[in-house]
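Next comes start-v4.txt, a file with compact mmCIF, C-alpha atoms and all ligand atoms.
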# COMPACT_ATOMS: atom_id res chain seq x y z
CA MET A 1 -19.03 -12.02 -13.74
CA SER A 2 -20.63 -14.79 -11.68
CA THR A 3 -24.10 -14.13 -10.47
CA LEU A 4 -25.80 -15.71 -7.50
CA ASN A 5 -27.81 -18.89 -8.00
CA GLU A 6 -29.36 -21.68 -5.95
CA THR A 7 -25.90 -22.97 -4.87
CA HIS A 8 -25.34 -19.77 -2.85
CA ASP A 9 -28.62 -20.00 -0.87
CA PRO A 10 -27.53 -19.50 2.76
CA ALA A 11 -30.40 -21.71 3.93
CA LEU A 12 -28.98 -24.84 2.24
CA LYS A 13 -27.87 -27.63 4.59
CA SER A 14 -25.91 -30.78 3.83
CA TRP A 15 -26.47 -34.37 4.90
CA VAL A 16 -22.79 -34.20 5.93
CA GLU A 17 -23.71 -32.74 9.32
CA SER A 18 -20.29 -31.20 10.08
CA ALA A 19 -20.79 -28.91 7.06
CA ASN A 20 -23.69 -27.24 8.90
CA HIS A 21 -21.69 -26.32 12.01
CA GLU A 22 -21.29 -22.61 12.62
CA GLY A 23 -17.86 -21.34 11.61
CA CYS A 24 -17.15 -24.34 9.37
CA ASP A 25 -14.89 -23.34 6.45
CA PHE A 26 -16.51 -25.82 4.08
CA PRO A 27 -20.31 -25.55 4.13
CA ILE A 28 -22.30 -26.71 1.10
CA GLN A 29 -22.11 -23.18 -0.35
CA ASN A 30 -18.30 -23.46 -0.70
CA LEU A 31 -17.38 -26.79 -2.40
CA PRO A 32 -13.65 -26.14 -3.07
CA PHE A 33 -11.50 -28.55 -5.07
CA GLY A 34 -8.20 -30.15 -4.01
CA VAL A 35 -5.98 -33.21 -4.52
CA PHE A 36 -5.48 -35.67 -1.68
CA ARG A 37 -4.86 -39.24 -0.55
CA ARG A 38 -5.22 -41.08 2.73
CA ARG A 39 -2.16 -40.40 4.89
CA GLY A 40 0.05 -43.41 5.50
CA PHE A 41 -1.23 -45.37 2.49
CA SER A 42 0.75 -45.68 -0.73
CA GLU A 43 -2.30 -44.95 -2.82
CA ALA A 44 -2.85 -42.65 -5.78
CA TRP A 45 -3.44 -38.93 -5.48
CA ARG A 46 -6.93 -38.00 -6.63
CA GLY A 47 -9.20 -34.99 -6.66
CA GLY A 48 -11.79 -34.29 -4.01
CA VAL A 49 -14.22 -31.67 -2.75
CA ALA A 50 -14.18 -30.42 0.84
CA ILE A 51 -17.52 -30.69 2.63
CA GLY A 52 -17.59 -30.10 6.40
CA ASP A 53 -14.76 -32.08 7.97
CA GLN A 54 -14.87 -34.63 5.13
CA ILE A 55 -13.59 -34.94 1.56
CA LEU A 56 -15.85 -36.20 -1.18
CA ASP A 57 -13.53 -38.45 -3.21
CA MET A 58 -14.41 -37.38 -6.76
CA ARG A 59 -12.70 -40.36 -8.37
CA ALA A 60 -14.84 -42.69 -6.26
CA ALA A 61 -17.99 -40.61 -6.80
CA HIS A 62 -17.50 -40.76 -10.56
CA ALA A 63 -16.67 -44.47 -10.51
CA ALA A 64 -19.81 -45.13 -8.46
CA GLY A 65 -21.86 -43.53 -11.23
CA VAL A 66 -23.30 -40.84 -8.96
CA ILE A 67 -21.99 -37.82 -10.89
CA THR A 68 -21.11 -39.00 -14.37
CA THR A 69 -20.07 -35.89 -16.31
CA ASP A 70 -16.61 -35.55 -17.82
CA ALA A 71 -16.03 -32.59 -15.48
CA ALA A 72 -16.66 -34.91 -12.51
CA ALA A 73 -14.11 -37.36 -13.94
CA ALA A 74 -11.60 -34.52 -14.37
CA ALA A 75 -12.24 -33.41 -10.78
CA GLY A 76 -11.10 -36.86 -9.61
CA GLU A 77 -7.76 -36.80 -11.42
CA ALA A 78 -4.38 -36.45 -9.71
CA SER A 79 -4.06 -32.87 -10.88
CA LEU A 80 -6.92 -30.55 -11.72
CA ASN A 81 -5.47 -29.02 -14.90
CA ARG A 82 -8.00 -30.69 -17.19
CA LEU A 83 -10.93 -29.51 -15.04
CA MET A 84 -9.40 -26.02 -14.91
CA GLY A 85 -9.19 -25.97 -18.70
CA MET A 86 -12.86 -26.84 -19.19
CA GLY A 87 -14.24 -23.37 -18.54
CA PRO A 88 -17.02 -21.75 -16.53
CA ALA A 89 -20.01 -23.63 -17.99
CA ALA A 90 -18.50 -27.00 -16.99
CA TRP A 91 -17.33 -25.71 -13.58
CA SER A 92 -20.75 -24.26 -12.83
CA ALA A 93 -22.64 -27.38 -13.91
CA LEU A 94 -20.40 -29.53 -11.69
CA ARG A 95 -20.91 -27.19 -8.74
CA LEU A 96 -24.69 -27.39 -9.19
CA ALA A 97 -24.60 -31.20 -9.41
CA LEU A 98 -22.45 -31.40 -6.26
CA SER A 99 -24.68 -28.94 -4.41
CA ARG A 100 -27.79 -30.98 -5.23
CA ALA A 101 -26.14 -34.32 -4.38
CA LEU A 102 -24.81 -33.11 -1.03
CA ARG A 103 -28.02 -31.43 0.18
CA ARG A 104 -30.12 -32.84 2.94
CA GLY A 105 -32.62 -35.26 1.46
CA ALA A 106 -30.58 -35.93 -1.72
CA ALA A 107 -31.28 -39.31 -3.26
CA GLN A 108 -27.53 -39.78 -3.86
CA ALA A 109 -26.64 -39.51 -0.15
CA ASP A 110 -26.29 -43.25 0.51
CA ALA A 111 -24.11 -43.83 -2.54
CA LEU A 112 -21.91 -40.81 -1.78
CA ARG A 113 -21.49 -41.60 1.91
CA ALA A 114 -19.15 -44.42 0.87
CA CYS A 115 -17.04 -41.87 -1.05
CA LEU A 116 -16.21 -39.69 2.00
CA VAL A 117 -12.74 -39.56 3.53
CA PRO A 118 -12.23 -37.63 6.82
CA GLN A 119 -9.94 -34.62 6.34
CA SER A 120 -8.14 -35.67 9.53
CA GLU A 121 -6.95 -38.81 7.71
CA ALA A 122 -5.84 -37.05 4.51
CA GLU A 123 -2.68 -35.51 3.13
CA TYR A 124 -2.59 -33.09 0.25
CA THR A 125 -0.50 -32.13 -2.73
CA VAL A 126 -0.60 -29.09 -4.99
CA PRO A 127 -3.95 -29.08 -6.81
CA ALA A 128 -2.49 -28.65 -10.29
CA ARG A 129 0.72 -28.98 -12.27
CA ILE A 130 1.69 -25.33 -12.02
CA GLY A 131 3.39 -24.63 -15.31
CA ASP A 132 4.14 -20.98 -14.64
CA TYR A 133 3.91 -18.71 -11.64
CA ALA A 134 4.04 -14.91 -11.50
CA ASP A 135 3.84 -12.83 -8.33
CA PHE A 136 2.34 -9.34 -8.36
CA TYR A 137 2.59 -6.39 -5.95
CA THR A 138 -1.03 -5.24 -5.82
CA SER A 139 -1.18 -3.70 -2.31
CA ILE A 140 -0.06 -0.08 -2.43
CA HIS A 141 0.26 -0.18 1.36
CA HIS A 142 2.77 -3.04 1.18
CA ALA A 143 4.60 -1.43 -1.73
CA THR A 144 4.90 1.84 0.19
CA ASN A 145 5.95 0.22 3.50
CA ILE A 146 8.61 -1.91 1.80
CA GLY A 147 9.73 0.83 -0.55
CA ARG A 148 10.31 3.15 2.40
CA GLN A 149 12.83 0.67 3.86
CA PHE A 150 14.64 -0.15 0.63
CA ARG A 151 14.50 3.41 -0.77
CA PRO A 152 13.66 5.89 2.05
CA ASP A 153 13.65 8.91 -0.29
CA ASN A 154 11.62 7.26 -3.02
CA PRO A 155 9.27 4.60 -1.58
CA LEU A 156 6.80 4.28 -4.42
CA LEU A 157 8.33 4.19 -7.88
CA PRO A 158 6.52 6.26 -10.54
CA ASN A 159 5.28 3.23 -12.49
CA TYR A 160 3.32 1.78 -9.53
CA LYS A 161 0.02 3.59 -10.15
CA TRP A 162 0.08 2.84 -13.88
CA ILE A 163 1.09 -0.78 -14.12
CA PRO A 164 0.35 -3.90 -12.02
CA ILE A 165 3.98 -4.70 -11.11
CA GLY A 166 4.96 -8.36 -11.14
CA TYR A 167 7.84 -10.77 -11.69
CA HIS A 168 8.06 -14.36 -12.86
CA GLY A 169 8.52 -16.72 -9.92
CA ARG A 170 9.34 -20.39 -9.70
CA SER A 171 6.75 -23.16 -9.68
CA SER A 172 8.88 -26.21 -8.73
CA SER A 173 9.22 -24.99 -5.13
CA ILE A 174 5.51 -24.31 -4.57
CA THR A 175 4.34 -26.75 -1.92
CA VAL A 176 1.14 -27.35 -0.06
CA SER A 177 0.25 -26.61 3.55
CA GLY A 178 1.97 -28.95 6.00
CA GLN A 179 5.21 -29.32 4.04
CA ASP A 180 7.99 -27.82 6.15
CA PHE A 181 11.19 -26.41 4.64
CA HIS A 182 14.72 -25.45 5.61
CA ARG A 183 16.03 -21.96 6.18
CA PRO A 184 17.75 -20.92 2.94
CA GLN A 185 21.38 -19.90 2.63
CA GLY A 186 22.77 -17.26 0.37
CA GLN A 187 24.77 -14.09 -0.12
CA THR A 188 24.00 -11.05 1.97
CA MET A 189 25.67 -7.67 2.29
CA PRO A 190 25.69 -6.74 5.99
CA PRO A 191 25.23 -3.03 6.81
CA GLY A 192 28.53 -1.18 6.52
CA ALA A 193 30.34 -4.16 4.97
CA THR A 194 32.26 -3.85 1.72
CA GLU A 195 31.96 -7.50 0.67
CA PRO A 196 29.06 -9.93 0.92
CA VAL A 197 29.03 -12.90 3.29
CA PHE A 198 27.55 -16.35 2.73
CA GLY A 199 25.40 -18.22 5.24
CA PRO A 200 21.89 -18.97 6.46
CA SER A 201 19.45 -16.09 6.07
CA LYS A 202 19.03 -14.16 9.33
CA LYS A 203 15.91 -12.31 8.20
CA MET A 204 13.30 -14.91 7.29
CA ASP A 205 9.89 -13.42 6.70
CA ILE A 206 6.35 -14.24 5.61
CA GLU A 207 4.15 -12.68 2.95
CA LEU A 208 0.39 -13.18 3.34
CA GLU A 209 -1.04 -13.39 -0.17
CA LEU A 210 -3.73 -15.05 -2.24
CA ALA A 211 -2.96 -17.24 -5.25
CA VAL A 212 -5.14 -17.14 -8.37
CA PHE A 213 -5.38 -20.41 -10.32
CA ILE A 214 -5.89 -19.85 -14.02
CA GLY A 215 -8.62 -21.95 -15.64
CA THR A 216 -8.88 -21.74 -19.41
CA GLY A 217 -5.83 -20.17 -20.98
CA ASN A 218 -5.40 -17.89 -23.98
CA ALA A 219 -3.68 -18.53 -27.28
CA LEU A 220 -0.21 -17.06 -27.68
CA GLY A 221 -0.53 -13.58 -29.13
CA HIS A 222 -4.15 -13.11 -28.03
CA PRO A 223 -4.61 -11.02 -24.86
CA ILE A 224 -7.49 -11.68 -22.46
CA PRO A 225 -9.66 -8.53 -22.42
CA ILE A 226 -10.39 -7.32 -18.91
CA ALA A 227 -14.12 -7.93 -19.46
CA ASP A 228 -13.39 -11.65 -20.03
CA THR A 229 -10.95 -12.36 -17.21
CA ASP A 230 -13.49 -14.07 -14.91
CA ALA A 231 -14.01 -16.80 -17.51
CA HIS A 232 -10.27 -17.59 -17.30
CA VAL A 233 -9.96 -17.88 -13.51
CA PHE A 234 -10.75 -21.18 -11.77
CA GLY A 235 -10.33 -20.10 -8.15
CA LEU A 236 -8.16 -18.89 -5.29
CA THR A 237 -6.02 -20.34 -2.50
CA LEU A 238 -3.99 -18.80 0.32
CA LEU A 239 -0.29 -18.23 -0.41
CA ASN A 240 2.67 -17.65 1.89
CA ASP A 241 5.51 -16.25 -0.22
CA TRP A 242 8.34 -16.89 2.27
CA SER A 243 11.07 -14.29 1.81
CA ALA A 244 14.70 -13.93 2.91
CA ARG A 245 14.90 -10.18 3.60
CA ASP A 246 18.71 -10.08 3.86
CA ILE A 247 19.26 -11.93 0.57
CA GLN A 248 16.66 -9.77 -1.22
CA PRO A 249 18.25 -6.27 -1.10
CA TRP A 250 21.65 -7.51 -2.29
CA GLU A 251 20.26 -9.38 -5.29
CA TYR A 252 17.09 -7.61 -6.41
CA GLN A 253 18.55 -4.86 -8.60
CA PRO A 254 18.35 -4.66 -11.55
CA LEU A 255 16.26 -7.75 -12.41
CA GLY A 256 14.04 -8.30 -9.36
CA PRO A 257 13.80 -11.00 -6.66
CA PHE A 258 15.51 -14.33 -7.34
CA LEU A 259 16.89 -16.63 -4.63
CA SER A 260 15.31 -14.60 -1.81
CA LYS A 261 11.90 -15.90 -2.88
CA ASN A 262 12.19 -19.15 -4.82
CA PHE A 263 13.22 -21.63 -2.09
CA ALA A 264 9.64 -22.26 -0.86
CA SER A 265 6.14 -20.91 -1.42
CA THR A 266 3.28 -22.54 0.47
CA ILE A 267 -0.36 -22.66 -0.69
CA SER A 268 -3.49 -23.96 1.02
CA PRO A 269 -4.78 -27.24 -0.45
CA TRP A 270 -8.34 -26.18 -1.34
CA VAL A 271 -9.08 -24.02 -4.40
CA VAL A 272 -12.14 -21.90 -3.62
CA THR A 273 -13.88 -21.24 -6.93
CA LEU A 274 -14.76 -17.84 -8.28
CA GLU A 275 -18.41 -18.89 -8.27
CA ALA A 276 -18.28 -19.69 -4.53
CA LEU A 277 -16.79 -16.21 -3.96
CA ALA A 278 -19.51 -14.42 -5.96
CA PRO A 279 -21.41 -13.11 -2.88
CA TYR A 280 -18.23 -11.43 -1.65
CA ARG A 281 -17.35 -9.26 -4.63
CA VAL A 282 -17.10 -5.55 -3.87
CA ALA A 283 -15.94 -2.38 -5.56
CA PRO A 284 -12.19 -1.75 -5.43
CA PRO A 285 -11.02 1.23 -3.35
CA THR A 286 -11.63 4.60 -4.98
CA ARG A 287 -8.36 5.98 -6.26
CA PRO A 288 -7.26 9.09 -4.34
CA ALA A 289 -7.59 12.40 -6.16
CA GLY A 290 -4.48 12.97 -8.22
CA ASP A 291 -3.84 9.28 -8.92
CA PRO A 292 -4.01 8.37 -12.60
CA GLN A 293 -7.02 6.38 -13.79
CA PRO A 294 -6.16 2.94 -15.23
CA LEU A 295 -5.42 2.79 -18.94
CA PRO A 296 -8.39 1.47 -20.98
CA TYR A 297 -7.09 -2.12 -21.14
CA LEU A 298 -7.05 -2.16 -17.30
CA ASP A 299 -10.51 -0.67 -16.88
CA SER A 300 -14.08 -1.94 -17.25
CA PRO A 301 -17.45 -1.13 -15.70
CA ALA A 302 -17.57 -4.59 -14.08
CA ASN A 303 -14.12 -4.15 -12.60
CA ARG A 304 -15.08 -0.76 -11.15
CA ALA A 305 -18.30 -2.18 -9.71
CA GLN A 306 -17.16 -5.58 -8.41
CA GLY A 307 -13.48 -6.11 -9.21
CA ALA A 308 -12.42 -6.65 -5.60
CA PHE A 309 -13.18 -9.44 -3.11
CA ASP A 310 -13.87 -9.01 0.59
CA ILE A 311 -11.78 -11.98 1.72
CA GLN A 312 -10.72 -11.71 5.37
CA LEU A 313 -7.12 -12.78 5.90
CA GLU A 314 -5.05 -13.56 8.98
CA ALA A 315 -1.45 -14.54 9.69
CA ALA A 316 -0.64 -16.27 12.98
CA LEU A 317 2.62 -17.48 14.54
CA GLN A 318 3.33 -20.45 16.80
CA THR A 319 6.90 -20.70 18.07
CA ALA A 320 8.49 -24.00 19.12
CA ARG A 321 8.13 -22.92 22.77
CA MET A 322 4.44 -22.15 22.27
CA ARG A 323 3.96 -25.54 20.65
CA GLN A 324 5.65 -27.32 23.59
CA ALA A 325 3.42 -25.40 26.02
CA GLY A 326 0.31 -26.24 24.00
CA ASP A 327 -0.33 -22.56 23.15
CA ALA A 328 -2.36 -21.86 20.01
CA PRO A 329 -0.84 -19.70 17.24
CA THR A 330 -1.10 -15.99 18.00
CA ARG A 331 -2.31 -13.45 15.43
CA LEU A 332 0.33 -11.24 13.83
CA ALA A 333 -1.89 -9.34 11.40
CA ALA A 334 -5.33 -9.36 9.81
CA THR A 335 -6.60 -7.64 6.69
CA SER A 336 -8.92 -8.03 3.70
CA TYR A 337 -8.15 -8.54 0.02
CA ARG A 338 -10.53 -5.64 -0.69
CA HIS A 339 -7.78 -3.08 0.02
CA ALA A 340 -5.66 -4.06 -3.00
CA TYR A 341 -4.87 -1.27 -5.46
CA TRP A 342 -4.91 -3.59 -8.48
CA THR A 343 -7.63 -6.23 -8.91
CA MET A 344 -7.45 -9.86 -10.02
CA ALA A 345 -8.99 -8.87 -13.38
CA GLN A 346 -6.30 -6.23 -13.86
CA MET A 347 -3.57 -8.80 -13.06
CA VAL A 348 -4.88 -11.22 -15.70
CA ALA A 349 -5.47 -8.50 -18.32
CA HIS A 350 -2.02 -7.02 -17.75
CA HIS A 351 -0.21 -10.39 -17.77
CA THR A 352 -1.63 -11.21 -21.20
CA VAL A 353 -1.76 -7.75 -22.82
CA ASN A 354 1.51 -8.37 -24.68
CA GLY A 355 0.19 -11.68 -26.00
CA CYS A 356 1.74 -13.84 -23.25
CA ASN A 357 -0.26 -17.05 -23.01
CA LEU A 358 -1.58 -18.31 -19.68
CA GLN A 359 -2.39 -21.99 -19.34
CA PRO A 360 -4.72 -24.05 -17.11
CA GLY A 361 -3.10 -24.44 -13.69
CA ASP A 362 -0.85 -21.37 -13.94
CA MET A 363 -0.69 -19.45 -10.68
CA LEU A 364 -0.67 -15.70 -10.09
CA GLY A 365 0.22 -14.35 -6.63
CA THR A 366 -1.48 -11.14 -5.53
CA GLY A 367 1.55 -9.89 -3.61
CA THR A 368 1.48 -9.21 0.12
CA LEU A 369 -2.00 -7.95 0.93
CA SER A 370 -1.24 -5.39 3.62
CA GLY A 371 -4.07 -3.01 4.45
CA PRO A 372 -3.84 0.68 5.32
CA THR A 373 -2.95 0.35 9.04
CA LEU A 374 0.06 -1.23 10.80
CA ASP A 375 -1.99 -4.10 12.29
CA GLN A 376 -2.97 -4.95 8.71
CA ALA A 377 0.68 -5.26 7.62
CA CYS A 378 1.14 -8.78 6.32
CA ALA A 379 4.91 -9.23 6.55
CA LEU A 380 7.27 -9.02 9.54
CA ILE A 381 9.47 -6.48 7.74
CA GLU A 382 6.50 -4.11 7.84
CA LEU A 383 5.20 -5.08 11.30
CA THR A 384 8.64 -4.68 12.89
CA VAL A 385 9.84 -1.82 10.66
CA GLY A 386 12.70 -3.80 9.22
CA GLY A 387 13.33 -5.61 12.50
CA LYS A 388 13.76 -2.43 14.57
CA ASN A 389 10.56 -2.93 16.62
CA PRO A 390 10.26 -6.66 17.39
CA VAL A 391 6.82 -8.14 17.99
CA THR A 392 6.26 -9.34 21.57
CA LEU A 393 4.27 -12.57 21.76
CA PRO A 394 1.86 -13.47 24.60
CA ASN A 395 4.50 -15.70 26.27
CA GLY A 396 7.07 -12.89 26.26
CA GLU A 397 9.11 -14.15 23.32
CA GLN A 398 10.06 -11.53 20.75
CA ARG A 399 10.41 -11.77 17.01
CA ALA A 400 11.97 -9.38 14.54
CA PHE A 401 12.06 -12.16 11.93
CA LEU A 402 11.37 -15.91 12.12
CA ASP A 403 13.34 -18.31 14.33
CA ASP A 404 13.92 -21.97 13.50
CA GLY A 405 10.91 -23.99 14.61
CA ASP A 406 8.44 -21.14 14.05
CA ARG A 407 5.20 -22.25 12.42
CA VAL A 408 3.16 -19.71 10.47
CA VAL A 409 -0.53 -20.31 9.84
CA LEU A 410 -2.50 -18.29 7.29
CA ARG A 411 -6.28 -18.33 7.28
CA GLY A 412 -8.88 -16.78 5.00
CA TRP A 413 -12.66 -16.57 5.10
CA CYS A 414 -15.63 -14.55 3.85
CA GLU A 415 -18.68 -13.63 5.88
CA LYS A 416 -21.51 -11.14 5.68
CA THR A 417 -25.20 -10.92 6.49
CA GLY A 418 -27.34 -12.70 3.93
CA ALA A 419 -24.66 -15.11 2.69
CA ALA A 420 -23.13 -18.32 4.01
CA ARG A 421 -19.71 -17.96 5.63
CA ILE A 422 -17.08 -19.80 3.59
CA GLY A 423 -13.40 -20.39 4.36
CA PHE A 424 -10.14 -21.37 2.72
CA GLY A 425 -8.88 -23.76 5.42
CA GLU A 426 -5.30 -23.14 6.48
CA CYS A 427 -1.92 -22.61 4.89
CA ALA A 428 0.72 -23.63 7.43
CA ALA A 429 4.38 -24.63 7.45
CA THR A 430 7.29 -24.71 9.90
CA LEU A 431 10.70 -23.18 9.27
CA LEU A 432 13.36 -25.86 9.87
CA PRO A 433 17.05 -25.11 10.58
CA ALA A 434 19.37 -24.54 7.64
CA LEU A 435 21.00 -27.65 6.27
CA ALA A 436 24.80 -27.98 6.44
CA CYS A 437 26.61 -25.63 4.11
CA PRO A 438 27.26 -27.12 0.66
CA CA B 501 5.37 -11.79 -2.77
Represent the structure of the file as structure tokens.
Amino acid sequence: MSTLNETHDPALKSWVESANHEGCDFPIQNLPFGVFRRRGFSEAWRGGVAIGDQILDMRAAHAAGVITTDAAAAAGEASLNRLMGMGPAAWSALRLALSRALRRGAAQADALRACLVPQSEAEYTVPARIGDYADFYTSIHHATNIGRQFRPDNPLLPNYKWIPIGYHGRSSSITVSGQDFHRPQGQTMPPGATEPVFGPSKKMDIELELAVFIGTGNALGHPIPIADTDAHVFGLTLLNDWSARDIQPWEYQPLGPFLSKNFASTISPWVVTLEALAPYRVAPPTRPAGDPQPLPYLDSPANRAQGAFDIQLEAALQTARMRQAGDAPTRLAATSYRHAYWTMAQMVAHHTVNGCNLQPGDMLGTGTLSGPTLDQACALIELTVGGKNPVTLPNGEQRAFLDDGDRVVLRGWCEKTGAARIGFGECAATLLPALACP
């Protein structure tokens, strides 16, 4: 488990002045990694570190001889898999070197100033080649709310409190914030119908989640013990697991979600490292009396003490009409990752307990992170009770599910007294109209 060190000191300031502004997502205590290039130039993708409203181009910083370790070279590559595979000692040493080089008064400031690219001039791609992706279901509040709609008499299946439920997703359709996508088409079974119909989904929804990027993997056949899971996690991003709620119920039994989920999943570009999140670890919720305790392979003293993260999360919606009027996105829901029933460590331990091998750059979704109350429900199907109670927006528009042109913006941040506020940036995309039928 990461402990606090000089890189977390809330008093640290950067010579990149925008990093010191109150409310900035990327102060010097954060230092998240991503892959970018200057927008409008046909230049190579390369790795960078967000600092204030700038990106430190790691390829340039390494080439300039300012930070010369192999980890710094890996952090400048077009995908971060090699850095992710290096492990916590290399990640931590790089973070310390970056923290020292970006502090006010650092001797490297002049050399590094030439390696900055404004974020406003950048575009991003996924930070790693994501070999495999699995999505979990770790919020019991989401599982209960959804289960009630799909199975009113039996919302929470008996396995839920024993096993971190998940399914294997698709990595080729994971895209990064800013990449819009078309409304999917598929088979649905309308209420009361006897045969399915084909057409554009009429129930497009969001799922506010976090994505866990695996760092070092495990050899096939060798599970990762829960006490070691932190050493195998590189960091976290925001994740919107877009879902077609009318395709889902017709296809999901008996093998789970398929085409209702795999047409697009959007992540935020910056991977916030586990070390940056260290000040925000908290105990997971106490299990209610009568709930089973986790089996030994899903339990550890560290997980009980600090297995959860207090990451504040928000989903906001901007319709096409709001955009034309210049209205900012309006909040749909807000919650914290701390409410999850199953922790990140339990996800990793469970995924590998049968010997399944994770690899650097693999991604694990947490599942929709709804909290205990309705305003913490992180999908429209929960907020609107299956579309029966549409949400009314400030301009009077109503939404049961998403309309074409709707833009959804996820945000995440951590803040508390005695620690620097850090953020994830945003995870945003716009739903475009369905393409012509094939
Ligand atoms: Ca999901």
* To do: Using only C-alpha atoms, determine which residues lie at most 10 Å from Glu6 (chain A), disregarding the query and same-chain residues fewer than 4 positions distant; provide the list as a PyMOL selection string.
  => chain A and resi 10-12+29+96+99-100
Just write the chosen residues, C-alpha atoms, as a compact mmCIF listing (two decimals), in the coordinates of the input.
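File written: result_13.txt
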# COMPACT_ATOMS: atom_id res chain seq x y z
CA PRO A 10 -27.53 -19.50 2.76
CA ALA A 11 -30.40 -21.71 3.93
CA LEU A 12 -28.98 -24.84 2.24
CA GLN A 29 -22.11 -23.18 -0.35
CA LEU A 96 -24.69 -27.39 -9.19
CA SER A 99 -24.68 -28.94 -4.41
CA ARG A 100 -27.79 -30.98 -5.23
* Asked: Between A:Val385, A:Val282, A:Leu210, A:Cys437, which is the closest to ligand CA 501 (chain B) once you count all atoms listed in the file?
  -> A:Leu210
Got a sec: who's within 7 Å of region 14-27 of chain A, counting only C-alpha atoms, leaving out chain neighbours fewer than 5 positions off, as a PDB file with C-alpha atoms, in the coordinates of the input?
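Written file, part10.pdb:
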ATOM      1  CA  ALA A  50     -14.180 -30.420   0.840  1.00  0.00           C
ATOM      2  CA  ILE A  51     -17.520 -30.690   2.630  1.00  0.00           C
ATOM      3  CA  GLY A  52     -17.590 -30.100   6.400  1.00  0.00           C
ATOM      4  CA  ASP A  53     -14.760 -32.080   7.970  1.00  0.00           C
ATOM      5  CA  LEU A 102     -24.810 -33.110  -1.030  1.00  0.00           C
ATOM      6  CA  ARG A 103     -28.020 -31.430   0.180  1.00  0.00           C
ATOM      7  CA  ARG A 104     -30.120 -32.840   2.940  1.00  0.00           C
ATOM      8  CA  ILE A 422     -17.080 -19.800   3.590  1.00  0.00           C
ATOM      9  CA  GLY A 423     -13.400 -20.390   4.360  1.00  0.00           C
ATOM     10  CA  PHE A 424     -10.140 -21.370   2.720  1.00  0.00           C
ATOM     11  CA  GLY A 425      -8.880 -23.760   5.420  1.00  0.00           C
TER      12      GLY A 425
END
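Distance check against Leu236 (chain A) using all atoms listed in the file: of A:Val212, A:Val117, A:Ala128, A:Val66, the minimum falls on A:Val212.
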* **Contact residues around Thr144 (chain A) with all atoms listed in the file at 10 Å, ignoring same-chain residues under 6 positions, as a VMD selection string** => chain A and resid 150 to 152 154 to 157 160 382
* Structure fact -> For Gln54 (chain A), the closest of A:Ile267, A:Ala333, A:Ile140, A:Leu31 counting all atoms listed in the file is A:Leu31
* To do: Would you list the contacts of Cys356 (chain A) as a PyMOL selection string, taking every protein, DNA or RNA residue within 9 Å and counting all atoms listed in the file, but skipping same-chain residues closer than 5 positions in sequence?
  => chain A and resi 218-223+351
